[in-house]
file work25.tsv (TSV, C-alpha atoms)
chain	number	residue	atom	x	y	z
A	457	MET	CA	61.92	168.55	95.16
A	458	ARG	CA	60.99	167.26	98.63
A	459	THR	CA	58.97	168.68	101.49
A	460	GLY	CA	60.06	168.62	105.13
A	461	LEU	CA	58.11	165.36	105.54
A	462	GLY	CA	60.13	163.68	102.82
A	463	GLU	CA	57.27	163.97	100.35
A	464	ASP	CA	57.53	165.21	96.80
A	465	VAL	CA	55.70	168.23	95.45
A	466	TYR	CA	53.53	167.61	92.40
A	467	GLU	CA	52.05	170.27	90.14
A	468	VAL	CA	48.44	169.55	89.14
A	469	PHE	CA	47.06	170.27	85.67
A	470	ALA	CA	43.51	169.70	84.44
A	471	ARG	CA	40.97	170.53	81.76
A	472	LYS	CA	37.21	170.48	81.92
A	473	ASN	CA	36.54	169.58	78.29
A	474	ARG	CA	38.24	167.67	75.51
A	475	GLY	CA	40.21	170.04	73.30
A	476	GLU	CA	40.76	172.69	75.99
A	477	PRO	CA	44.35	173.37	77.04
A	478	LEU	CA	45.53	171.82	80.27
A	479	ARG	CA	45.50	174.46	83.00
A	480	HIS	CA	47.70	174.61	86.07
A	481	ILE	CA	45.23	174.36	88.99
A	482	GLY	CA	47.52	173.89	91.98
A	483	TYR	CA	49.90	171.54	93.69
A	484	ILE	CA	49.91	168.78	96.30
A	485	ASP	CA	52.50	167.02	98.45
A	486	ALA	CA	52.63	163.23	98.19
A	487	PRO	CA	55.04	160.43	99.07
A	488	GLY	CA	54.91	158.91	95.58
A	489	ASP	CA	53.29	159.00	92.17
A	490	GLU	CA	50.35	156.74	93.03
A	491	LEU	CA	49.26	158.73	96.07
A	492	ALA	CA	49.87	161.94	94.10
A	493	ARG	CA	47.23	160.78	91.61
A	494	VAL	CA	44.73	160.08	94.40
A	495	TYR	CA	45.45	163.24	96.39
A	496	ALA	CA	45.19	165.45	93.31
A	497	TRP	CA	41.86	163.93	92.28
A	498	LYS	CA	40.44	164.17	95.78
A	499	THR	CA	41.83	167.64	96.54
A	500	TYR	CA	40.77	169.36	93.32
A	501	ASP	CA	37.38	167.72	92.98
A	502	GLU	CA	35.37	170.93	92.66
A	503	GLU	CA	34.95	170.38	88.91
A	504	ASN	CA	33.91	167.45	86.80
A	505	TRP	CA	37.30	167.25	85.11
A	506	PHE	CA	37.67	165.63	81.72
A	507	GLU	CA	41.39	165.11	82.32
A	508	MET	CA	43.82	165.65	85.17
A	509	CYS	CA	47.58	165.09	85.28
A	510	VAL	CA	50.27	165.48	87.92
A	511	VAL	CA	53.89	166.38	87.25
A	512	PRO	CA	56.67	166.14	89.84
A	513	ARG	CA	57.83	169.69	90.50
A	514	GLY	CA	61.38	168.47	90.06
A	515	ALA	CA	60.60	167.59	86.43
A	516	VAL	CA	59.59	171.13	85.46
A	517	ILE	CA	62.48	172.90	83.75
A	518	PRO	CA	62.10	176.67	83.53
A	519	VAL	CA	62.69	178.19	80.12
A	520	ASN	CA	62.70	181.96	80.43
A	521	ARG	CA	62.76	182.65	84.17
A	522	VAL	CA	65.16	181.39	86.77
A	523	GLU	CA	63.31	182.35	89.95
A	524	GLY	CA	60.15	180.93	91.48
A	525	PRO	CA	59.20	177.40	92.53
A	526	TRP	CA	61.17	175.76	89.71
A	527	ALA	CA	64.38	177.75	90.14
A	528	GLY	CA	66.20	174.72	91.51
A	529	ASN	CA	65.60	172.88	88.26
A	530	VAL	CA	67.59	175.23	86.06
A	531	PRO	CA	70.13	173.02	84.23
A	532	GLU	CA	73.63	173.34	85.62
A	533	GLY	CA	75.71	175.95	83.89
A	534	THR	CA	72.66	177.87	82.73
A	535	HIS	CA	72.27	181.44	83.94
A	536	GLY	CA	69.05	183.03	82.88
A	537	PRO	CA	67.20	182.98	79.60
B	350	MET	CA	7.28	143.68	101.11
B	351	GLY	CA	9.60	145.61	103.45
B	352	TRP	CA	10.09	144.22	106.96
B	353	GLU	CA	8.45	140.84	107.52
B	354	ARG	CA	7.65	139.72	111.04
B	355	ALA	CA	9.02	136.25	111.69
B	356	GLY	CA	6.85	133.77	113.60
B	357	GLY	CA	4.68	136.48	115.12
B	358	ASP	CA	7.61	137.86	117.13
B	359	SER	CA	7.29	141.61	116.89
B	360	ARG	CA	10.99	142.12	117.63
B	361	ALA	CA	12.22	139.90	114.79
B	362	MET	CA	11.67	141.55	111.42
B	363	THR	CA	13.39	139.84	108.55
B	364	PRO	CA	13.89	141.52	105.18
B	365	ALA	CA	13.79	139.46	102.00
B	366	PRO	CA	17.19	138.36	100.62
B	367	LEU	CA	17.58	141.25	98.16
B	368	ALA	CA	16.63	143.86	100.77
B	369	ARG	CA	18.96	142.27	103.31
B	370	HIS	CA	21.79	142.47	100.80
B	371	ILE	CA	21.15	146.15	100.07
B	372	LEU	CA	20.85	146.99	103.78
B	373	SER	CA	24.12	145.23	104.44
B	374	LEU	CA	25.91	147.20	101.73
B	375	ALA	CA	24.33	150.52	102.73
B	376	ASP	CA	24.94	150.16	106.46
B	377	THR	CA	28.53	149.11	105.88
B	378	LYS	CA	29.11	152.14	103.70
B	379	ARG	CA	27.49	154.45	106.23
B	380	LEU	CA	29.62	153.11	109.09
B	381	LEU	CA	32.76	153.13	106.96
B	382	GLY	CA	32.10	156.79	106.16
B	383	ILE	CA	31.90	157.55	109.87
B	384	ARG	CA	35.12	155.69	110.63
B	385	TYR	CA	36.89	157.51	107.77
B	386	SER	CA	35.58	160.83	109.03
B	387	ASP	CA	37.32	160.29	112.37
B	388	TRP	CA	40.60	160.83	110.49
B	389	LEU	CA	39.85	164.07	108.62
B	390	LEU	CA	42.18	165.68	111.15
B	391	GLY	CA	45.11	163.83	112.61
B	392	SER	CA	46.00	161.84	109.51
B	393	PRO	CA	49.63	161.97	108.35
B	394	SER	CA	49.29	165.00	106.03
B	395	ILE	CA	46.77	167.61	104.90
B	396	GLU	CA	46.36	165.83	101.58
B	397	THR	CA	45.69	162.54	103.34
B	398	GLY	CA	43.02	164.19	105.49
B	399	ILE	CA	41.39	165.68	102.39
B	400	ALA	CA	41.38	162.24	100.76
B	401	ALA	CA	39.86	160.74	103.92
B	402	SER	CA	37.20	163.47	103.86
B	403	SER	CA	36.39	162.81	100.22
B	404	MET	CA	36.26	159.05	100.74
B	405	SER	CA	34.02	159.56	103.74
B	406	GLN	CA	31.60	161.62	101.66
B	407	ASP	CA	31.75	159.06	98.85
B	408	GLU	CA	30.68	156.36	101.28
B	409	TRP	CA	27.77	158.41	102.59
B	410	GLY	CA	26.66	159.28	99.06
B	411	HIS	CA	26.76	155.62	98.08
B	412	ALA	CA	24.85	154.66	101.23
B	413	ARG	CA	22.16	157.20	100.34
B	414	LEU	CA	21.75	155.71	96.87
B	415	LEU	CA	21.58	152.20	98.27
B	416	TYR	CA	18.98	153.12	100.93
B	417	ALA	CA	16.93	154.76	98.19
B	418	MET	CA	16.83	151.43	96.32
B	419	LEU	CA	14.92	149.97	99.26
B	420	LYS	CA	11.94	152.19	98.48
B	421	ARG	CA	11.31	150.01	95.43
B	422	LEU	CA	11.22	147.02	97.76
B	423	GLY	CA	8.53	148.43	100.03
B	424	PHE	CA	10.65	150.07	102.72
B	425	ASP	CA	10.32	153.55	104.14
B	426	PRO	CA	13.80	155.02	103.51
B	427	PHE	CA	13.40	157.49	106.38
B	428	GLU	CA	12.75	154.70	108.85
B	429	VAL	CA	15.67	152.70	107.50
B	430	GLU	CA	18.11	155.61	107.67
B	431	HIS	CA	16.99	157.37	110.80
B	432	GLU	CA	14.98	155.11	113.10
B	433	ARG	CA	16.87	151.84	113.65
B	434	PRO	CA	18.73	151.04	116.89
B	435	ALA	CA	22.35	149.82	116.77
B	436	ALA	CA	21.22	146.22	117.25
B	437	ARG	CA	19.37	146.41	113.91
B	438	TYR	CA	22.37	147.60	111.88
B	439	TYR	CA	23.64	145.23	109.19
B	440	SER	CA	27.16	146.69	108.86
B	441	ALA	CA	30.34	144.61	108.67
B	442	PRO	CA	31.62	143.74	112.19
B	443	ALA	CA	35.07	145.20	111.41
B	444	LEU	CA	33.46	148.65	111.69
B	445	ASP	CA	31.81	148.14	115.09
B	446	ARG	CA	34.59	150.09	116.83
B	447	PRO	CA	36.68	153.12	115.76
B	448	PHE	CA	40.05	152.61	114.10
B	449	SER	CA	42.74	152.61	116.77
B	450	ASP	CA	45.53	154.15	114.69
B	451	TRP	CA	46.52	155.07	111.15
B	452	ALA	CA	47.61	151.52	110.32
B	453	HIS	CA	44.13	150.34	111.32
B	454	PHE	CA	42.60	152.95	108.99
B	455	VAL	CA	44.79	151.82	106.09
B	456	ALA	CA	44.03	148.15	106.74
B	457	ALA	CA	40.30	148.94	106.67
B	458	VAL	CA	40.60	150.73	103.35
B	459	VAL	CA	42.11	147.60	101.84
B	460	VAL	CA	40.05	144.95	103.66
B	461	VAL	CA	36.60	146.47	104.23
B	462	ASP	CA	36.45	149.00	101.40
B	463	GLY	CA	38.02	146.36	99.14
B	464	ALA	CA	35.37	143.81	100.13
B	465	LEU	CA	32.69	146.42	99.46
B	466	SER	CA	34.11	146.99	95.98
B	467	VAL	CA	33.96	143.28	95.22
B	468	ALA	CA	30.40	143.07	96.57
B	469	LEU	CA	29.33	146.06	94.48
B	470	GLU	CA	31.00	144.74	91.35
B	471	SER	CA	29.13	141.49	91.82
B	472	PHE	CA	25.84	143.33	92.44
B	473	ALA	CA	26.32	145.64	89.43
B	474	SER	CA	26.69	142.71	87.05
B	475	GLY	CA	23.64	140.85	88.38
B	476	ASN	CA	19.97	140.95	87.44
B	477	PHE	CA	18.74	143.75	89.72
B	478	ALA	CA	18.17	146.67	87.35
B	479	LEU	CA	18.74	149.46	89.88
B	480	ALA	CA	22.14	148.01	90.78
B	481	ARG	CA	23.09	147.72	87.13
B	482	SER	CA	22.29	151.39	86.54
B	483	ARG	CA	23.49	153.02	89.78
B	484	VAL	CA	26.40	151.00	91.08
B	485	PRO	CA	28.90	151.56	88.22
B	486	LYS	CA	29.33	155.23	89.26
B	487	MET	CA	30.09	154.05	92.79
B	488	LEU	CA	32.68	151.64	91.44
B	489	ALA	CA	34.40	154.44	89.52
B	490	GLU	CA	34.79	156.35	92.79
B	491	GLU	CA	35.80	153.21	94.66
B	492	ALA	CA	38.74	152.82	92.28
B	493	TYR	CA	40.39	155.83	93.95
B	494	HIS	CA	39.80	154.33	97.38
B	495	ARG	CA	41.58	151.20	96.22
B	496	ARG	CA	44.53	153.17	94.85
B	497	PHE	CA	44.75	155.05	98.14
B	498	GLY	CA	44.59	151.86	100.16
B	499	THR	CA	47.07	149.96	98.02
B	500	ALA	CA	49.63	152.77	98.02
B	501	TRP	CA	49.43	153.34	101.79
B	502	PHE	CA	49.33	149.66	102.65
B	503	THR	CA	52.38	148.74	100.58
B	504	ARG	CA	54.21	151.80	101.89
B	505	LEU	CA	53.62	150.91	105.54
B	506	ALA	CA	54.35	147.24	104.92
B	507	ALA	CA	57.64	148.04	103.18
B	508	ALA	CA	58.72	150.36	105.99
B	509	GLY	CA	58.68	147.44	108.44
B	510	GLY	CA	58.89	147.87	112.20
B	511	GLU	CA	55.97	148.80	114.45
B	512	GLY	CA	53.85	150.29	111.65
B	513	ALA	CA	54.05	147.14	109.52
B	514	ALA	CA	53.26	144.96	112.54
B	515	ARG	CA	50.18	147.02	113.42
B	516	LEU	CA	49.07	146.95	109.78
B	517	ARG	CA	49.38	143.17	109.62
B	518	ASP	CA	47.58	142.74	112.96
B	519	SER	CA	44.71	145.05	111.99
B	520	ALA	CA	44.21	143.49	108.56
B	521	GLY	CA	44.50	140.00	110.00
B	522	ALA	CA	41.89	140.78	112.66
B	523	MET	CA	39.38	142.24	110.17
B	524	LEU	CA	39.67	139.66	107.42
B	525	PRO	CA	37.80	136.63	108.88
B	526	THR	CA	34.61	138.52	109.82
B	527	THR	CA	34.76	140.62	106.65
B	528	LEU	CA	35.01	137.51	104.49
B	529	ALA	CA	32.01	136.10	106.36
B	530	TRP	CA	30.14	139.34	105.67
B	531	LEU	CA	31.11	139.13	102.00
B	532	LEU	CA	30.32	135.42	101.68
B	533	PRO	CA	27.26	134.58	103.78
B	534	ALA	CA	26.68	130.82	103.96
B	535	ASP	CA	22.93	130.81	104.42
B	536	ASP	CA	19.71	130.25	102.51
B	537	ALA	CA	19.01	133.93	101.89
B	538	HIS	CA	22.34	134.41	100.17
B	539	ASP	CA	21.93	131.20	98.19
B	540	ALA	CA	18.61	132.60	96.92
B	541	LEU	CA	20.35	135.79	95.76
B	542	VAL	CA	22.92	133.74	93.87
B	543	ALA	CA	20.24	131.47	92.38
B	544	ASP	CA	18.33	134.52	91.13
B	545	GLY	CA	21.45	135.86	89.45
B	546	ASN	CA	21.61	138.98	91.63
B	547	VAL	CA	25.17	138.36	92.85
B	548	TRP	CA	28.13	136.17	91.92
B	549	PRO	CA	28.61	132.69	93.43
B	550	GLU	CA	31.23	132.26	96.15
B	551	ASP	CA	34.08	130.99	93.97
B	552	ARG	CA	33.86	134.02	91.69
B	553	VAL	CA	33.75	136.41	94.65
B	554	ARG	CA	36.81	134.76	96.16
B	555	ASP	CA	38.65	134.91	92.83
B	556	GLN	CA	37.94	138.61	92.52
B	557	CYS	CA	39.01	139.20	96.13
B	558	SER	CA	42.28	137.48	95.44
B	559	ARG	CA	42.79	139.50	92.27
B	560	LEU	CA	41.99	142.87	93.84
B	561	LEU	CA	43.30	142.45	97.38
B	562	GLY	CA	45.57	139.40	97.48
B	563	GLY	CA	48.71	141.07	96.16
B	564	THR	CA	48.38	144.06	98.46
B	565	LEU	CA	47.80	141.93	101.55
B	566	ALA	CA	50.75	139.72	100.62
B	567	THR	CA	53.09	142.71	101.05
B	568	ALA	CA	52.33	142.47	104.79
B	569	GLY	CA	52.81	138.71	104.81
B	570	ILE	CA	49.09	137.85	104.70
B	571	ASP	CA	47.93	134.95	102.52
B	572	LEU	CA	44.34	135.84	101.68
B	573	ASP	CA	43.58	132.42	100.22
B	574	ALA	CA	44.40	130.86	103.60
B	575	VAL	CA	41.93	133.04	105.54
B	576	GLU	CA	38.68	131.31	106.51
B	577	PRO	CA	35.45	133.28	107.08
B	578	ALA	CA	34.55	133.59	110.79
B	579	ARG	CA	30.80	133.02	111.10
B	580	ASP	CA	30.54	132.63	114.89
B	581	GLY	CA	27.22	133.86	116.23
B	582	TRP	CA	25.85	134.33	112.71
B	583	ASP	CA	22.68	136.43	112.64
B	584	PRO	CA	20.74	135.54	109.47
B	585	GLU	CA	18.58	138.65	109.73
B	586	ARG	CA	21.52	141.06	109.71
B	587	ARG	CA	23.82	138.93	107.53
B	588	ARG	CA	26.69	139.22	109.98
B	589	GLY	CA	28.17	137.76	113.13
B	590	SER	CA	27.29	138.80	116.66
B	591	GLY	CA	27.72	142.31	118.03
B	592	ALA	CA	26.68	145.74	116.76
B	593	PRO	CA	28.27	149.08	115.95
B	594	GLY	CA	28.93	151.41	118.87
B	595	GLU	CA	26.00	153.57	119.95
B	596	GLU	CA	27.88	156.83	119.36
B	597	ALA	CA	28.54	155.93	115.72
B	598	VAL	CA	24.93	154.90	115.18
B	599	GLU	CA	23.71	158.19	116.65
B	600	ARG	CA	25.82	159.94	114.03
B	601	ALA	CA	24.66	157.58	111.28
B	602	ARG	CA	21.02	158.24	112.14
B	603	GLY	CA	21.58	161.97	112.43
B	604	ASP	CA	20.09	162.09	115.92
B	605	ARG	CA	21.37	165.58	116.69
B	606	ASN	CA	19.84	166.99	113.51
B	607	ARG	CA	16.49	165.30	113.94
B	608	ASP	CA	14.62	168.60	114.35
B	609	LEU	CA	16.09	169.91	111.11
B	610	PHE	CA	15.08	167.07	108.78
B	611	VAL	CA	13.11	168.36	105.83
B	612	GLU	CA	12.31	165.08	104.08

call {"tool": "encode", "arguments": {"input": "work25.tsv", "output": "structure tokens"}}
result
Amino acid sequence: MRTGLGEDVYEVFARKNRGEPLRHIGYIDAPGDELARVYAWKTYDEENWFEMCVVPRGAVIPVNRVEGPWAGNVPEGTHGP
Amino acid sequence: MGWERAGGDSRAMTPAPLARHILSLADTKRLLGIRYSDWLLGSPSIETGIAASSMSQDEWGHARLLYAMLKRLGFDPFEVEHERPAARYYSAPALDRPFSDWAHFVAAVVVVDGALSVALESFASGNFALARSRVPKMLAEEAYHRRFGTAWFTRLAAAGGEGAARLRDSAGAMLPTTLAWLLPADDAHDALVADGNVWPEDRVRDQCSRLLGGTLATAGIDLDAVEPARDGWDPERRRGSGAPGEEAVERARGDRNRDLFVE
């Protein structure tokens, strides 16, 4: 899933403490995985995160809803939940 | 301790080798922070500007910690941070002027910030206790600067054309003086090495090659073939001739906020 600048959109997940669930905290645009890691860490640096991960938006497959930012990732031939 | 007047000349005040080393690291970080801050707006994307902002603040935070170390060596941190003229700054010559374009910025992240990382790694593993305790946190933050620099450098180099040429030219222009800054060939630096405060030259060069060599090679630069440029070497400031621009030093000193200082 690319932006107008040819960058990819990455969803950002993080948790403050070990054992907590990862929480979706936002998204960033980046031209590759390595810069996505840096941009996410530098953009969402308001907390002392225990763990942060980025996921390309194109890798998120919706399960029960077919609209929203991940609508384009619905597997072909699938129509709704 | 602190400033020592050399030969009765009131204008020449020479810090001891350890203090000179810390001043050189701190001033380079302060100037690098200013040069990064010039690109908070106008960088290629919002995220890149945010990263530049964060890196700029990292550099200023690190500079603050380094200046504070000088208090233990008999210096007045306020005087060091806020009173020196440009001609008494110890920063790496590659930062004397603003970055001319984005390729120049990226080259500086790899060359100057990379050299700083090597210098700090060396300092953190030496015998100076404050460096051993305080520098590792800086190195953890520097790791993100290196990732940023490596990713952008290899991207621009791979794209070819004008951007790759400017990247190669900027990195090539900064490397000789930055290597000289990183590897001073004088008695004061030899004393630091002898006291176990920093690594000897061959280890520094090895680590430079390991951390920066592969990235620079993507633009056709052979780091091992670059010789340090020590023309006009100033042993007091641990750098070649010249000085950072007055406008940058006014910002570094905080001249416009002078009436608001509370320290």

call {"tool": "atom_distance", "arguments": {"input": "work25.tsv", "atom1": "atom CA of His538 of chain B", "atom2": "atom CA of Val460 of chain B"}}
result
20.9 Å

call {"tool": "atom_distance", "arguments": {"input": "work25.tsv", "atom1": "atom CA of Arg496 of chain B", "atom2": "atom CA of Met508 of chain A"}}
result
15.8 Å

call {"tool": "residues_around", "arguments": {"input": "work25.tsv", "residues": "Glu490 of chain A", "least_positions_apart": "5", "cutoff": "10 Å", "atoms": "only C-alpha atoms", "output": "PDB file with C-alpha atoms, in the frame of the given file"}}
result
ATOM      1  CA  TYR A 495      45.450 163.240  96.390  1.00  0.00           C
TER       2      TYR A 495
ATOM      3  CA  ARG B 496      44.530 153.170  94.850  1.00  0.00           C
ATOM      4  CA  PHE B 497      44.750 155.050  98.140  1.00  0.00           C
ATOM      5  CA  THR B 499      47.070 149.960  98.020  1.00  0.00           C
ATOM      6  CA  ALA B 500      49.630 152.770  98.020  1.00  0.00           C
ATOM      7  CA  TRP B 501      49.430 153.340 101.790  1.00  0.00           C
TER       8      TRP B 501
END

call {"tool": "atom_distance", "arguments": {"input": "work25.tsv", "atom1": "atom CA of Ser449 of chain B", "atom2": "atom CA of Ser386 of chain B"}}
result
13.4 Å

call {"tool": "interface_residues", "arguments": {"input": "work25.tsv", "of": "chain B", "to": "chain A", "cutoff": "10 Å", "atoms": "only C-alpha atoms", "output": "VMD selection string"}}
result
chain B and resid 393 to 404 492 to 501 504

call {"tool": "axis_aligned_box", "arguments": {"input": "work25.tsv", "around": "segment 394-400 of chain B", "padding_each_side": "3 Å", "output": "lines of an AutoDock Vina configuration file"}}
result
center_x = 45.3
center_y = 164.9
center_z = 103.4
size_x = 13.9
size_y = 11.4
size_z = 11.3

call {"tool": "residues_around", "arguments": {"input": "work25.tsv", "residues": "His370 of chain B", "least_positions_apart": "2", "cutoff": "10 Å", "atoms": "only C-alpha atoms", "output": "PyMOL selection string"}}
result
chain B and resi 364-368+372-375+439+468+472+531+537-538+541+546-547+586-587

call {"tool": "residues_around", "arguments": {"input": "work25.tsv", "residues": "Arg483 of chain B", "least_positions_apart": "3", "cutoff": "9 Å", "atoms": "all atoms listed in the file", "output": "VMD selection string"}}
result
chain B and resid 414 to 415 473 478 to 480 486 to 487

call {"tool": "write_last_selection", "arguments": {"input": "work25.tsv", "atoms": "C-alpha atoms", "output": "CSV table (one decimal), keeping the file's coordinate frame"}}
result
chain,number,residue,atom,x,y,z
B,414,LEU,CA,21.8,155.7,96.9
B,415,LEU,CA,21.6,152.2,98.3
B,473,ALA,CA,26.3,145.6,89.4
B,478,ALA,CA,18.2,146.7,87.4
B,479,LEU,CA,18.7,149.5,89.9
B,480,ALA,CA,22.1,148.0,90.8
B,486,LYS,CA,29.3,155.2,89.3
B,487,MET,CA,30.1,154.0,92.8

call {"tool": "residues_around", "arguments": {"input": "work25.tsv", "residues": "Leu528 of chain B", "least_positions_apart": "4", "cutoff": "6 Å", "atoms": "only C-alpha atoms", "output": "PyMOL selection string"}}
result
chain B and resi 524+532+577

call {"tool": "residues_near_point", "arguments": {"input": "work25.tsv", "point": "(47.0, 174.1, 79.1)", "cutoff": "12 Å", "atoms": "only C-alpha atoms", "output": "list in words"}}
result
Val468, Phe469, Ala470, Arg471, Lys472, Asn473, Arg474, Gly475, Glu476, Pro477, Leu478, Arg479, His480, Ile481, Glu507, Met508 and Cys509 of chain A

call {"tool": "write_last_selection", "arguments": {"input": "work25.tsv", "atoms": "C-alpha atoms", "output": "JSON list (two decimals), in the frame of the given file"}}
result
[["chain", "number", "residue", "atom", "x", "y", "z"],
["A", 468, "VAL", "CA", 48.44, 169.55, 89.14],
["A", 469, "PHE", "CA", 47.06, 170.27, 85.67],
["A", 470, "ALA", "CA", 43.51, 169.70, 84.44],
["A", 471, "ARG", "CA", 40.97, 170.53, 81.76],
["A", 472, "LYS", "CA", 37.21, 170.48, 81.92],
["A", 473, "ASN", "CA", 36.54, 169.58, 78.29],
["A", 474, "ARG", "CA", 38.24, 167.67, 75.51],
["A", 475, "GLY", "CA", 40.21, 170.04, 73.30],
["A", 476, "GLU", "CA", 40.76, 172.69, 75.99],
["A", 477, "PRO", "CA", 44.35, 173.37, 77.04],
["A", 478, "LEU", "CA", 45.53, 171.82, 80.27],
["A", 479, "ARG", "CA", 45.50, 174.46, 83.00],
["A", 480, "HIS", "CA", 47.70, 174.61, 86.07],
["A", 481, "ILE", "CA", 45.23, 174.36, 88.99],
["A", 507, "GLU", "CA", 41.39, 165.11, 82.32],
["A", 508, "MET", "CA", 43.82, 165.65, 85.17],
["A", 509, "CYS", "CA", 47.58, 165.09, 85.28]]

call {"tool": "residues_near_point", "arguments": {"input": "work25.tsv", "point": "(32.2, 139.3, 92.8)", "cutoff": "6 Å", "atoms": "all atoms listed in the file", "output": "PyMOL selection string"}}
result
chain B and resi 467-468+470-471+548+552-553+556

call {"tool": "residues_around", "arguments": {"input": "work25.tsv", "residues": "Ala527 of chain A", "least_positions_apart": "2", "cutoff": "12 Å", "atoms": "only C-alpha atoms", "output": "VMD selection string"}}
result
chain A and resid 457 513 to 525 529 to 532 534 to 536

call {"tool": "closest_residue", "arguments": {"input": "work25.tsv", "among": "B:Asp571, B:Glu585, B:Glu599, B:Asp387", "to": "Trp451 of chain B", "atoms": "all atoms listed in the file"}}
result
B:Asp387
